[in-house]
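Enquirer: Next up, structure.txt (compact mmCIF, C-alpha atoms).
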```txt
# COMPACT_ATOMS: atom_id res chain seq x y z
CA MET A 1483 80.43 29.99 17.72
CA ARG A 1484 83.84 29.40 16.19
CA SER A 1485 86.47 31.99 17.10
CA GLU A 1486 86.99 32.56 13.38
CA TYR A 1487 83.46 33.94 13.14
CA ILE A 1488 84.07 36.28 16.07
CA TRP A 1489 87.16 37.80 14.46
CA SER A 1490 85.54 38.21 11.08
CA ILE A 1491 82.48 39.85 12.66
CA LEU A 1492 84.61 42.11 14.87
CA LEU A 1493 86.54 43.24 11.79
CA PHE A 1494 83.26 44.10 10.09
CA PHE A 1495 82.52 47.07 12.36
CA PRO A 1496 85.67 49.17 11.86
CA LEU A 1497 85.45 48.41 8.15
CA LEU A 1498 81.84 49.59 8.05
CA ILE A 1499 82.86 52.82 9.80
CA ILE A 1500 85.48 53.38 7.10
CA GLN A 1501 82.96 52.41 4.41
CA THR A 1502 80.43 55.00 5.59
CA THR A 1503 82.77 57.85 6.58
CA VAL A 1504 85.94 57.73 4.46
CA ILE A 1505 84.98 55.80 1.32
CA PRO A 1506 82.41 58.41 0.14
CA PHE A 1507 85.34 60.80 -0.32
CA ILE A 1508 86.90 58.54 -2.95
CA SER A 1509 83.70 57.91 -4.88
CA ILE A 1510 83.85 58.47 -8.63
CA ASN A 1511 80.64 59.87 -10.02
CA GLY A 1512 78.64 58.22 -7.25
CA VAL A 1513 80.37 54.85 -7.68
CA VAL A 1514 81.85 53.56 -4.42
CA PRO A 1515 83.90 50.44 -3.71
CA ASP A 1516 82.58 47.91 -1.19
CA LEU A 1517 85.16 47.09 1.48
CA ILE A 1518 82.78 44.72 3.25
CA LEU A 1519 82.61 42.54 0.16
CA ILE A 1520 86.42 42.33 -0.09
CA LEU A 1521 86.53 41.16 3.53
CA LEU A 1522 83.75 38.66 2.85
CA VAL A 1523 85.52 37.22 -0.22
CA PHE A 1524 88.78 36.99 1.71
CA TYR A 1525 87.25 35.04 4.59
CA SER A 1526 85.09 32.89 2.33
CA MET A 1527 88.09 31.81 0.28
CA ARG A 1528 90.09 31.22 3.41
CA SER A 1529 87.55 29.26 5.40
CA GLY A 1530 85.24 27.55 2.93
CA GLN A 1531 81.88 27.79 1.23
CA LEU A 1532 79.67 27.07 4.24
CA TYR A 1533 81.55 29.60 6.31
CA GLY A 1534 81.35 32.20 3.52
CA THR A 1535 77.61 31.69 3.06
CA VAL A 1536 76.86 32.14 6.77
CA LEU A 1537 79.28 35.07 7.09
CA GLY A 1538 77.69 36.78 4.05
CA PHE A 1539 74.31 36.40 5.68
CA ILE A 1540 75.56 37.93 8.96
CA TYR A 1541 77.36 40.80 7.17
CA GLY A 1542 74.26 41.55 5.09
CA PHE A 1543 71.98 41.49 8.12
CA LEU A 1544 74.24 43.88 10.08
CA PHE A 1545 74.68 46.16 7.06
CA ASP A 1546 70.92 46.43 6.46
CA LEU A 1547 70.27 47.03 10.13
CA ILE A 1548 72.90 49.73 10.58
CA THR A 1549 72.63 51.67 7.34
CA GLY A 1550 68.84 51.74 7.13
CA SER A 1551 68.71 49.86 3.82
CA LEU A 1552 65.80 47.63 2.93
CA LEU A 1553 66.13 44.85 5.52
CA GLY A 1554 66.82 41.61 3.67
CA SER A 1555 68.20 42.97 0.39
CA THR A 1556 71.86 42.97 1.40
CA MET A 1557 71.33 39.79 3.41
CA ILE A 1558 70.36 37.91 0.26
CA SER A 1559 73.01 39.44 -1.98
CA LYS A 1560 75.89 39.01 0.47
CA THR A 1561 74.82 35.42 1.24
CA LEU A 1562 75.06 34.60 -2.46
CA ALA A 1563 78.36 36.47 -2.79
CA GLY A 1564 79.81 34.52 0.14
CA PHE A 1565 78.59 31.26 -1.37
CA ILE A 1566 80.22 32.03 -4.72
CA ALA A 1567 83.47 33.21 -3.13
CA GLY A 1568 83.57 30.06 -1.01
CA TYR A 1569 83.45 28.02 -4.20
CA PHE A 1570 87.07 29.06 -4.82
CA SER A 1571 88.17 27.91 -1.40
CA ASN A 1572 90.48 25.15 -2.54
CA GLU A 1573 93.01 24.26 0.15
CA ASN A 1574 95.73 23.50 -2.38
CA LYS A 1575 95.24 26.61 -4.48
CA ARG A 1576 94.17 29.04 -1.78
CA GLU A 1577 97.62 30.55 -1.24
CA ASN A 1578 98.10 31.02 -4.97
CA TYR A 1579 94.75 32.77 -5.26
CA PHE A 1580 95.62 35.28 -2.56
CA LYS A 1581 98.97 36.06 -4.12
CA SER A 1582 97.77 36.46 -7.70
CA TYR A 1583 95.35 38.66 -9.59
CA PHE A 1584 92.94 35.73 -9.58
CA PHE A 1585 91.73 37.14 -6.26
CA VAL A 1586 90.80 40.39 -8.01
CA LEU A 1587 88.76 38.46 -10.58
CA ILE A 1588 86.91 36.57 -7.84
CA VAL A 1589 86.16 39.86 -6.07
CA LEU A 1590 84.89 41.27 -9.38
CA LEU A 1591 82.61 38.26 -9.93
CA CYS A 1592 81.23 38.31 -6.38
CA SER A 1593 80.85 42.08 -6.41
CA VAL A 1594 78.85 42.08 -9.65
CA VAL A 1595 76.59 39.30 -8.36
CA ASP A 1596 76.18 41.08 -5.00
CA LEU A 1597 75.36 44.45 -6.56
CA VAL A 1598 73.02 43.16 -9.26
CA ILE A 1599 71.05 41.01 -6.80
CA ASN A 1600 70.94 43.89 -4.30
CA SER A 1601 69.74 46.44 -6.83
CA PHE A 1602 67.25 43.93 -8.25
CA PHE A 1603 65.64 43.46 -4.85
CA SER A 1604 65.67 47.14 -3.99
CA SER A 1605 64.60 48.46 -7.38
CA VAL A 1606 61.79 46.28 -8.62
CA ASP A 1607 60.62 48.37 -11.54
CA LEU A 1608 59.30 46.96 -14.79
CA ASN A 1609 60.67 49.96 -16.69
CA THR A 1610 64.24 49.28 -15.62
CA ASN A 1611 66.55 48.36 -18.46
CA LEU A 1612 68.23 45.15 -17.30
CA PHE A 1613 71.47 45.70 -19.21
CA ARG A 1614 71.74 49.25 -17.94
CA LEU A 1615 71.06 48.02 -14.41
CA ILE A 1616 73.78 45.37 -14.67
CA PHE A 1617 76.28 47.84 -16.12
CA GLU A 1618 75.64 50.87 -13.93
CA GLN A 1619 74.75 49.19 -10.66
CA GLY A 1620 76.79 46.02 -11.06
CA ILE A 1621 79.85 46.23 -13.26
CA LEU A 1622 81.01 49.82 -12.57
CA PRO A 1623 81.06 49.55 -8.76
CA GLY A 1624 82.30 45.96 -9.13
CA VAL A 1625 85.32 47.06 -11.12
CA TYR A 1626 86.09 49.75 -8.53
CA THR A 1627 85.79 47.25 -5.67
CA SER A 1628 88.01 44.73 -7.43
CA ALA A 1629 90.58 47.44 -8.19
CA LEU A 1630 90.77 48.20 -4.49
CA SER A 1631 91.14 44.52 -3.66
CA VAL A 1632 94.61 44.62 -5.24
CA PHE A 1633 95.79 45.87 -1.84
CA VAL A 1634 94.96 42.45 -0.36
CA ILE A 1635 97.39 40.82 -2.80
CA LEU A 1636 100.04 43.44 -2.10
CA PHE A 1637 99.80 43.16 1.67
CA TYR A 1638 99.12 39.44 1.91
CA PRO A 1639 101.93 37.76 3.89
CA LYS A 1640 104.41 35.87 1.79
CA ARG A 1641 104.12 32.95 4.20
CA SER A 1642 100.85 31.25 4.96
CA ILE A 1643 98.78 32.84 7.74
CA ASN A 1644 96.98 29.59 8.53
CA MET B 483 67.16 6.91 8.03
CA PHE B 484 69.67 8.78 10.14
CA ARG B 485 72.45 7.66 7.84
CA PHE B 486 70.46 8.79 4.81
CA ILE B 487 69.91 12.26 6.30
CA SER B 488 73.53 12.35 7.39
CA ASN B 489 74.59 11.50 3.83
CA ILE B 490 72.38 14.19 2.36
CA TRP B 491 73.70 16.74 4.84
CA GLY B 492 77.29 15.66 4.20
CA ASN B 493 76.97 16.01 0.45
CA PHE B 494 74.74 19.05 0.16
CA LYS B 495 75.11 21.02 3.38
CA GLU B 496 76.38 24.13 1.57
CA TYR B 497 73.33 24.17 -0.68
CA ILE B 498 70.92 23.40 2.18
CA VAL B 499 72.33 26.25 4.28
CA LEU B 500 72.26 28.58 1.27
CA VAL B 501 68.59 27.85 0.57
CA ILE B 502 67.62 28.25 4.25
CA LEU B 503 69.47 31.58 4.56
CA LEU B 504 67.99 32.88 1.29
CA LEU B 505 64.51 31.96 2.50
CA ILE B 506 65.15 33.82 5.78
CA GLY B 507 66.31 36.81 3.71
CA ILE B 508 63.17 36.76 1.58
CA ILE B 509 60.95 36.49 4.67
CA THR B 510 62.85 39.41 6.23
CA LEU B 511 62.11 41.50 3.13
CA SER B 512 58.43 41.27 3.96
CA LEU B 513 58.99 42.37 7.56
CA ASN B 514 60.43 45.79 6.70
CA GLN B 515 57.32 47.78 7.54
CA LYS B 516 56.65 46.06 10.87
CA PRO B 517 57.02 48.44 13.83
CA ALA B 518 59.24 45.94 15.65
CA ALA B 519 61.66 45.80 12.72
CA LYS B 520 61.75 49.59 12.59
CA LYS B 521 62.48 49.77 16.30
CA VAL B 522 65.36 47.28 16.05
CA LYS B 523 66.72 49.24 13.09
CA SER B 524 66.57 52.52 14.98
CA LEU B 525 68.38 50.98 17.97
CA ALA B 526 71.08 49.46 15.74
CA PHE B 527 71.85 52.56 13.69
CA GLY B 528 71.62 54.77 16.80
CA GLY B 529 74.29 52.73 18.55
CA PHE B 530 76.54 52.55 15.52
CA ALA B 531 76.12 56.23 14.65
CA ALA B 532 77.64 57.14 18.01
CA PHE B 533 80.91 55.58 16.81
CA THR B 534 80.80 56.95 13.29
CA SER B 535 80.13 60.45 14.59
CA VAL B 536 83.48 60.32 16.43
CA ILE B 537 85.29 59.43 13.21
CA SER B 538 83.25 61.93 11.27
CA ASN B 539 84.19 64.71 13.67
CA VAL B 540 87.85 64.17 12.87
CA PHE B 541 87.11 65.44 9.40
CA ASN B 542 85.52 68.60 10.71
CA ILE B 543 87.74 71.44 11.79
CA ALA B 544 86.56 72.15 15.30
CA GLY B 545 87.40 75.86 15.33
CA VAL B 546 85.23 76.91 12.43
CA ARG B 547 82.36 74.53 13.00
CA SER B 548 80.08 76.87 14.93
CA GLU B 549 80.71 79.74 12.52
CA ASN B 550 80.11 77.46 9.57
CA GLU B 551 76.87 76.20 11.04
CA HIS B 552 75.70 79.75 11.57
CA LEU B 553 76.54 80.71 7.99
CA ARG B 554 74.95 77.60 6.56
CA LYS B 555 71.81 78.23 8.53
CA LEU B 556 71.76 81.74 7.17
CA ASN B 557 72.32 80.38 3.67
CA ALA B 558 69.55 77.84 4.03
CA ASP B 559 67.20 80.53 5.35
CA LEU B 560 68.06 82.77 2.41
CA MET B 561 67.65 79.91 -0.04
CA ILE B 562 64.13 79.28 1.22
CA GLN B 563 63.34 82.97 1.14
CA ILE B 564 64.65 83.31 -2.44
CA SER B 565 62.63 80.31 -3.45
CA GLU B 566 59.56 81.80 -1.80
CA LEU B 567 60.17 85.12 -3.56
CA ARG B 568 60.50 83.41 -6.93
CA LYS B 569 57.27 81.58 -6.27
CA TYR B 570 55.53 84.75 -5.20
CA GLY B 571 56.89 86.62 -8.21
CA ILE B 572 55.43 84.07 -10.62
CA GLU B 573 52.15 83.86 -8.74
CA ASN B 574 51.91 87.63 -8.55
CA ALA B 575 52.25 87.93 -12.29
CA GLU B 576 49.39 85.47 -12.72
CA LEU B 577 47.05 86.54 -9.96
CA LYS B 578 47.65 90.35 -10.13
CA GLY B 579 46.50 91.98 -7.00
CA LEU B 580 45.05 89.03 -5.15
CA LEU B 581 45.83 89.55 -1.51
CA GLY B 582 45.85 87.38 1.56
CA LEU B 583 48.77 85.07 0.92
CA LYS B 584 50.11 83.91 4.20
CA ASP B 585 53.66 84.75 5.16
CA THR B 586 55.32 81.41 5.54
CA THR B 587 58.93 82.41 5.14
CA HIS B 588 60.07 81.40 8.59
CA TYR B 589 60.59 77.73 9.22
CA PRO B 590 62.30 76.13 12.20
CA LEU B 591 65.66 74.75 11.05
CA ILE B 592 67.40 72.03 13.05
CA PRO B 593 71.14 71.92 12.27
CA ALA B 594 72.72 68.49 11.81
CA THR B 595 75.95 66.95 10.59
CA ILE B 596 76.10 63.86 8.39
CA VAL B 597 78.00 61.26 10.41
CA SER B 598 77.90 58.50 7.83
CA LYS B 599 76.83 57.92 4.26
CA SER B 600 75.63 54.67 2.79
CA LEU B 601 76.02 55.35 -0.91
CA SER B 602 74.63 52.92 -3.41
CA ARG B 603 73.03 53.29 -6.81
CA SER B 604 69.62 52.35 -5.52
CA GLN B 605 69.38 53.17 -1.82
CA SER B 606 71.53 56.09 -0.70
CA THR B 607 70.98 57.02 2.92
CA PHE B 608 72.71 59.45 5.30
CA THR B 609 72.91 59.23 9.08
CA LEU B 610 72.50 62.58 10.90
CA ASN B 611 73.60 63.45 14.43
CA ALA B 612 70.19 64.86 15.31
CA GLY B 613 67.31 62.75 16.52
CA LYS B 614 64.10 62.77 18.53
CA ARG B 615 65.71 64.78 21.33
CA ASN B 616 66.39 67.57 18.82
CA GLY B 617 62.84 67.49 17.54
CA VAL B 618 63.52 65.46 14.39
CA LEU B 619 60.63 63.28 13.25
CA PRO B 620 60.12 60.90 10.30
CA GLY B 621 58.82 62.72 7.25
CA MET B 622 60.64 66.00 7.88
CA PRO B 623 62.51 67.42 4.87
CA VAL B 624 66.30 67.77 4.99
CA ILE B 625 67.97 70.64 3.12
CA ASN B 626 71.31 72.32 2.70
CA ASP B 627 72.13 75.68 1.17
CA HIS B 628 71.58 74.32 -2.36
CA GLY B 629 68.25 72.58 -1.96
CA LEU B 630 66.46 69.44 -0.87
CA VAL B 631 68.70 66.58 0.31
CA GLY B 632 66.04 64.06 1.31
CA ILE B 633 63.44 63.07 3.86
CA ILE B 634 63.90 61.74 7.38
CA ASN B 635 63.02 58.05 7.39
CA THR B 636 63.90 56.69 10.82
CA THR B 637 64.88 58.38 14.08
CA SER B 638 66.48 57.27 17.30
CA ASP B 639 66.98 59.50 20.35
CA ASP B 640 70.12 61.19 19.03
CA TYR B 641 70.41 60.15 15.40
CA SER B 642 68.27 59.87 12.31
CA ILE B 643 68.45 58.30 8.86
CA VAL B 644 67.69 60.34 5.76
CA ARG B 645 66.45 58.84 2.53
CA THR B 646 68.24 60.98 -0.02
CA LEU B 647 66.72 61.95 -3.35
CA LYS B 648 68.91 59.19 -4.81
CA ASN B 649 66.81 56.49 -3.18
CA LEU B 650 64.35 54.38 -5.11
CA ASP B 651 61.90 54.39 -2.22
CA LEU B 652 61.49 58.16 -2.19
CA LYS B 653 58.90 59.68 -4.52
CA LEU B 654 57.89 63.34 -4.32
CA THR B 655 55.38 65.63 -5.95
CA VAL B 656 57.36 68.39 -7.64
CA LYS B 657 56.65 71.38 -9.84
CA ASP B 658 58.24 73.16 -12.79
CA GLU B 659 58.82 76.62 -11.35
CA ARG B 660 58.26 78.41 -14.68
CA SER B 661 55.30 76.56 -16.18
CA ARG B 662 53.78 75.40 -12.85
CA VAL B 663 53.40 71.85 -14.17
CA ASP B 664 53.23 69.26 -11.38
CA GLY B 665 54.58 65.73 -11.57
CA ILE B 666 55.94 62.81 -9.58
CA MET B 667 59.71 62.72 -9.21
CA LYS B 668 61.70 59.60 -8.40
CA TRP B 669 65.20 58.16 -8.61
CA ASP B 670 65.38 55.45 -11.28
CA GLY B 671 68.74 54.06 -10.25
CA SER B 672 70.81 56.39 -12.42
CA ASP B 673 68.82 59.61 -12.93
CA LEU B 674 66.38 61.80 -11.06
CA VAL B 675 63.28 61.81 -13.27
CA MET B 676 59.78 63.24 -13.39
CA ILE B 677 57.65 60.42 -14.73
CA ASP B 678 54.51 60.23 -16.85
CA ILE B 679 54.55 63.84 -18.00
CA PRO B 680 52.15 64.27 -20.96
CA LYS B 681 53.94 65.38 -24.10
CA THR B 682 51.70 68.43 -24.32
CA TYR B 683 52.98 69.82 -20.99
CA ASP B 684 55.34 72.76 -21.14
CA ILE B 685 58.63 71.60 -19.65
CA GLU B 686 61.95 72.65 -21.17
CA PRO B 687 65.60 72.02 -20.42
CA GLY B 688 66.86 74.69 -18.03
CA ASP B 689 63.63 74.91 -16.02
CA ARG B 690 64.05 74.86 -12.25
CA ILE B 691 62.23 72.08 -10.40
CA ILE B 692 60.96 72.73 -6.88
CA THR B 693 58.82 70.80 -4.43
CA SER B 694 55.11 71.24 -4.99
CA GLU B 695 52.54 72.55 -2.54
CA LEU B 696 50.46 69.49 -3.52
CA SER B 697 52.97 67.23 -1.80
CA SER B 698 51.84 65.73 1.48
CA ILE B 699 55.46 65.41 2.59
CA VAL B 700 57.09 68.71 1.57
CA ASP B 701 54.56 71.42 0.79
CA ILE B 702 56.91 74.43 0.80
CA PRO B 703 58.86 75.30 -2.35
CA ILE B 704 62.37 73.91 -1.93
CA PRO B 705 64.69 73.81 -4.95
CA ILE B 706 65.46 70.32 -6.20
CA GLY B 707 67.27 70.65 -9.49
CA ILE B 708 67.28 71.75 -13.06
CA VAL B 709 65.78 70.03 -16.12
CA ILE B 710 68.57 68.67 -18.30
CA GLY B 711 66.54 66.81 -20.87
CA LEU B 712 63.49 64.85 -21.88
CA SER B 713 63.53 61.15 -22.66
CA LYS B 714 61.02 58.82 -24.31
CA VAL B 715 60.21 61.72 -26.65
CA GLN B 716 59.82 59.47 -29.68
CA THR B 717 57.60 56.82 -28.12
CA GLY B 718 54.42 56.74 -26.08
CA ILE B 719 52.25 59.58 -24.88
CA PHE B 720 54.33 60.47 -21.85
CA ASN B 721 57.72 62.11 -21.47
CA GLU B 722 60.25 61.42 -18.77
CA VAL B 723 61.95 64.57 -17.55
CA GLN B 724 65.55 64.19 -16.41
CA ILE B 725 66.60 66.42 -13.54
CA LYS B 726 70.08 67.32 -12.34
CA PRO B 727 69.89 67.85 -8.55
CA PHE B 728 71.33 71.05 -7.07
CA VAL B 729 72.72 69.15 -4.09
CA ASP B 730 76.09 67.43 -4.38
CA PHE B 731 75.34 64.30 -2.37
CA ILE B 732 78.99 63.23 -2.18
CA ARG B 733 80.33 66.47 -0.69
CA THR B 734 77.41 67.45 1.53
CA GLU B 735 78.44 67.38 5.20
CA HIS B 736 76.11 69.78 7.01
CA VAL B 737 72.37 69.92 6.60
CA PHE B 738 69.25 71.31 8.20
CA VAL B 739 66.11 69.45 9.06
CA ILE B 740 63.04 71.61 8.53
CA GLY B 741 60.89 71.14 11.61
CA ILE B 742 57.67 71.51 9.70
CA VAL B 743 54.47 71.05 11.68
CA GLU B 744 52.42 68.91 9.34
CA ASN B 745 49.23 70.29 7.95
CA LYS B 746 46.50 68.39 9.80
CA ILE B 747 43.74 69.09 7.28
CA LYS B 748 45.94 67.99 4.40
CA ASP B 749 47.10 64.90 6.26
CA GLY B 750 43.52 63.96 6.96
CA LEU B 751 42.58 64.34 3.33
CA GLN B 752 45.58 62.81 1.64
CA LEU B 753 46.65 60.04 4.00
CA ASN B 754 50.29 60.96 4.31
CA PHE B 755 52.07 57.70 3.59
CA TYR B 756 54.32 58.03 6.61
CA LYS B 757 51.25 57.49 8.78
CA ARG B 758 49.93 54.42 7.05
CA ASN B 759 52.00 51.99 9.07
```
In structure tokens, how does this file's structure come out?
Expert:
Amino acid sequence: MRSEYIWSILLFFPLLIIQTTVIPFISINGVVPDLILILLVFYSMRSGQLYGTVLGFIYGFLFDLITGSLLGSTMISKTLAGFIAGYFSNENKRENYFKSYFFVLIVLLCSVVDLVINSFFSSVDLNTNLFRLIFEQGILPGVYTSALSVFVILFYPKRSIN
Amino acid sequence: MFRFISNIWGNFKEYIVLVILLLIGIITLSLNQKPAAKKVKSLAFGGFAAFTSVISNVFNIAGVRSENEHLRKLNADLMIQISELRKYGIENAELKGLLGLKDTTHYPLIPATIVSKSLSRSQSTFTLNAGKRNGVLPGMPVINDHGLVGIINTTSDDYSIVRTLKNLDLKLTVKDERSRVDGIMKWDGSDLVMIDIPKTYDIEPGDRIITSELSSIVDIPIPIGIVIGLSKVQTGIFNEVQIKPFVDFIRTEHVFVIGIVENKIKDGLQLNFYKRN
């Protein structure tokens, strides 16, 4: 296993502790940001699409296992989110992405996809209004997550970390 | 041939890996109810909960914890007793003089602290620092001083996972405390609703909703919430009753697991769904 994978997986655990203990305190009307997704987007953009896809799968698997969610639902959604984030892993533009608000937009896109897919798999109900589902379970938490991802831009080193 | 495969892999490896991983994910979805999967889950969350409980304890002021727990237990006891009294009051008015109701006001309460919360719109779960060693079993109701929080879903030796009311997989039989109308309550992703309630049934905004004695999971009257409105009034033959839960799921930190001994006769008759697997 590449050392890059080890670091990104090791970082997952403290972040999940924060996600499940501290983040609920800053929820707005039940809407919580997803720190794991920000980490996933960051690594996917940094290390490529294949890496992001596999990492999303691992993050999703661990998340489902630890939080008691429906095993498989987060695996699928995070795999897709990692794949999409990795799409923006352009070596020439990577540094610019991390230093601009483009990163926030990518987080928003991945977050919406992640949340909609996740809620679709975990709430298969013919009565569910699709637009309401996308708005309430996708866009609202997605906007909150992307707002929090601004900190990555603010704290990203001015010089390349590669 | 090798070159052909190598070319395909070189050009499409991202897509190939994506499809393989998605297929594994879909297969995993179907394995959720397997005992082996449940065992792995319980080991994983048990191990992780040990860490989160340390962090969670930082947020609790150590000096007042025991006193708080005592007061909350008292509160929870009183809440159940009040709920029982309300139930008895209504039943008394209807049955006038019928005797022989069993005194079921004392239930074993197992105190627990929430060590982590996985909040999402569809599958909110809490991890508690009480498990099999404390007598917690899957299917036991979890309450706080306001009402029902959820139902124990998985347990490890020292920790357990609660499916909160805001979880799509939890459906309960509930009752309108005033009109005694029963119905199935579920979380629809944004609201707590009683579904398929005939329009002729007497349910009004402001009514208190409690758990129903018909339920095979929670058969003692525990407050759930208050009716805030009816939807689908204009169409169809059924109403959907929207309920505002009494419990604040964001701020709840301490809970009690009710160590109910399940009713064997009822379980035999109704096939409690926790025993199907």
Enquirer: Pick from A:Ser1593, A:Thr1535, A:Asn1572, A:Ser1631: nearest to chain B, with all atoms listed in the file counted?
Expert: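 For chain B, the nearest of the candidates is A:Thr1535.
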Enquirer: Env of Val644 in chain B: 6 Å cut, atoms = only C-alpha atoms, seq-sep filter 2 positions within chain, self excluded. Answer as a PyMOL selection string.
Expert: chain B and resi 607-608+633-635+646
Enquirer: Counting only C-alpha atoms, a student should be able to say which residues of chain B come within 8 Å of chain A; what is the right answer, written as an mmCIF file with C-alpha atoms, in the frame of the given file?
Expert:
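Written out: iface-v4.cif:
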```cif
data_model
loop_
_atom_site.group_PDB
_atom_site.id
_atom_site.type_symbol
_atom_site.label_atom_id
_atom_site.label_comp_id
_atom_site.auth_asym_id
_atom_site.auth_seq_id
_atom_site.Cartn_x
_atom_site.Cartn_y
_atom_site.Cartn_z
ATOM 1 C CA LYS B 495 75.110 21.020 3.380
ATOM 2 C CA GLU B 496 76.380 24.130 1.570
ATOM 3 C CA VAL B 499 72.330 26.250 4.280
ATOM 4 C CA LEU B 500 72.260 28.580 1.270
ATOM 5 C CA LEU B 503 69.470 31.580 4.560
ATOM 6 C CA LEU B 504 67.990 32.880 1.290
ATOM 7 C CA GLY B 507 66.310 36.810 3.710
ATOM 8 C CA ILE B 508 63.170 36.760 1.580
ATOM 9 C CA ILE B 509 60.950 36.490 4.670
ATOM 10 C CA THR B 510 62.850 39.410 6.230
ATOM 11 C CA LEU B 511 62.110 41.500 3.130
ATOM 12 C CA LEU B 513 58.990 42.370 7.560
ATOM 13 C CA ASN B 514 60.430 45.790 6.700
ATOM 14 C CA VAL B 522 65.360 47.280 16.050
ATOM 15 C CA LYS B 523 66.720 49.240 13.090
ATOM 16 C CA ALA B 526 71.080 49.460 15.740
ATOM 17 C CA PHE B 527 71.850 52.560 13.690
ATOM 18 C CA PHE B 530 76.540 52.550 15.520
ATOM 19 C CA PHE B 533 80.910 55.580 16.810
ATOM 20 C CA THR B 534 80.800 56.950 13.290
ATOM 21 C CA ILE B 537 85.290 59.430 13.210
ATOM 22 C CA SER B 538 83.250 61.930 11.270
ATOM 23 C CA VAL B 597 78.000 61.260 10.410
ATOM 24 C CA SER B 598 77.900 58.500 7.830
ATOM 25 C CA LYS B 599 76.830 57.920 4.260
ATOM 26 C CA SER B 600 75.630 54.670 2.790
ATOM 27 C CA LEU B 601 76.020 55.350 -0.910
ATOM 28 C CA SER B 602 74.630 52.920 -3.410
ATOM 29 C CA ARG B 603 73.030 53.290 -6.810
ATOM 30 C CA SER B 604 69.620 52.350 -5.520
ATOM 31 C CA GLN B 605 69.380 53.170 -1.820
ATOM 32 C CA THR B 607 70.980 57.020 2.920
ATOM 33 C CA THR B 609 72.910 59.230 9.080
ATOM 34 C CA THR B 636 63.900 56.690 10.820
ATOM 35 C CA ILE B 643 68.450 58.300 8.860
ATOM 36 C CA LEU B 650 64.350 54.380 -5.110
ATOM 37 C CA ASP B 670 65.380 55.450 -11.280
ATOM 38 C CA GLY B 671 68.740 54.060 -10.250
ATOM 39 C CA SER B 672 70.810 56.390 -12.420
ATOM 40 C CA ILE B 732 78.990 63.230 -2.180
ATOM 41 C CA ARG B 733 80.330 66.470 -0.690
#
```
Enquirer: What are the centre and the three edge lengths of an axis-aligned box that wraps all atoms of range 515-531 of chain B in the file, given that 6 Å is added to every side, written as lines of an AutoDock Vina configuration file and rounded to one decimal in Å?
Expert:
```
center_x = 66.6
center_y = 51.0
center_z = 13.0
size_x = 31.9
size_y = 22.4
size_z = 23.0
```
Enquirer: So the first atom is CA of Met667 in chain B and the second is CA of Leu654 in chain B; what is the distance between them in Å, to one decimal place?
Expert: 5.3 Å
Enquirer: Need the shell around Ile1518 in chain A: protein/DNA/RNA residues with any atom at most 9 Å away, counting all atoms listed in the file. Skip same-chain ones fewer than 4 positions apart. Format as a PyMOL selection string?
Expert: chain A and resi 1494+1497-1498+1501+1522-1523+1541
Enquirer: Quick check, in Å to one decimal: how far apart do CA of Ser713 in chain B and CA of Asp684 in chain B lie?
Expert: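 Going from CA of Ser713 in chain B over to CA of Asp684 in chain B covers 14.3 Å.
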Enquirer: If you count all atoms listed in the file, which residues fall within 12 Å of Tyr683 in chain B, apart from same-chain ones fewer than 5 positions away, as an mmCIF file with C-alpha atoms, in the coordinates of the input?
Expert:
```cif
data_model
loop_
_atom_site.group_PDB
_atom_site.id
_atom_site.type_symbol
_atom_site.label_atom_id
_atom_site.label_comp_id
_atom_site.auth_asym_id
_atom_site.auth_seq_id
_atom_site.Cartn_x
_atom_site.Cartn_y
_atom_site.Cartn_z
ATOM 1 C CA LYS B 657 56.650 71.380 -9.840
ATOM 2 C CA ASP B 658 58.240 73.160 -12.790
ATOM 3 C CA ARG B 660 58.260 78.410 -14.680
ATOM 4 C CA SER B 661 55.300 76.560 -16.180
ATOM 5 C CA ARG B 662 53.780 75.400 -12.850
ATOM 6 C CA VAL B 663 53.400 71.850 -14.170
ATOM 7 C CA ASP B 664 53.230 69.260 -11.380
ATOM 8 C CA GLY B 665 54.580 65.730 -11.570
ATOM 9 C CA ASP B 678 54.510 60.230 -16.850
ATOM 10 C CA LEU B 712 63.490 64.850 -21.880
ATOM 11 C CA ILE B 719 52.250 59.580 -24.880
ATOM 12 C CA PHE B 720 54.330 60.470 -21.850
ATOM 13 C CA ASN B 721 57.720 62.110 -21.470
ATOM 14 C CA GLU B 722 60.250 61.420 -18.770
ATOM 15 C CA VAL B 723 61.950 64.570 -17.550
#
```
Enquirer: Using Å and a single decimal, report how far CA of Ile740 in chain B sits from CA of Arg645 in chain B.
Expert: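 Between CA of Arg645 in chain B and CA of Ile740 in chain B the gap is 14.5 Å.
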Enquirer: For range 616-702 of chain B against range 563-567 of chain B, with a cut-off of 12 Å and counting only C-alpha atoms, what is the closest atom pair and its distance in Å to one decimal for every residue that makes the cut, ordered by chain and number, as a Markdown table?
Expert:
```
| residue | atom | partner | partner_atom | distance |
| --- | --- | --- | --- | --- |
| B:Asp627 | CA | B:Ile564 | CA | 11.3 |
| B:His628 | CA | B:Ser565 | CA | 10.8 |
| B:Gly629 | CA | B:Ser565 | CA | 9.7 |
| B:Leu630 | CA | B:Ser565 | CA | 11.8 |
| B:Glu659 | CA | B:Ser565 | CA | 9.5 |
| B:Arg690 | CA | B:Ser565 | CA | 10.4 |
| B:Ile691 | CA | B:Ser565 | CA | 10.8 |
| B:Ile692 | CA | B:Ser565 | CA | 8.5 |
| B:Thr693 | CA | B:Ser565 | CA | 10.3 |
| B:Ser694 | CA | B:Ser565 | CA | 11.9 |
| B:Glu695 | CA | B:Glu566 | CA | 11.6 |
| B:Asp701 | CA | B:Glu566 | CA | 11.8 |
| B:Ile702 | CA | B:Glu566 | CA | 8.3 |
```
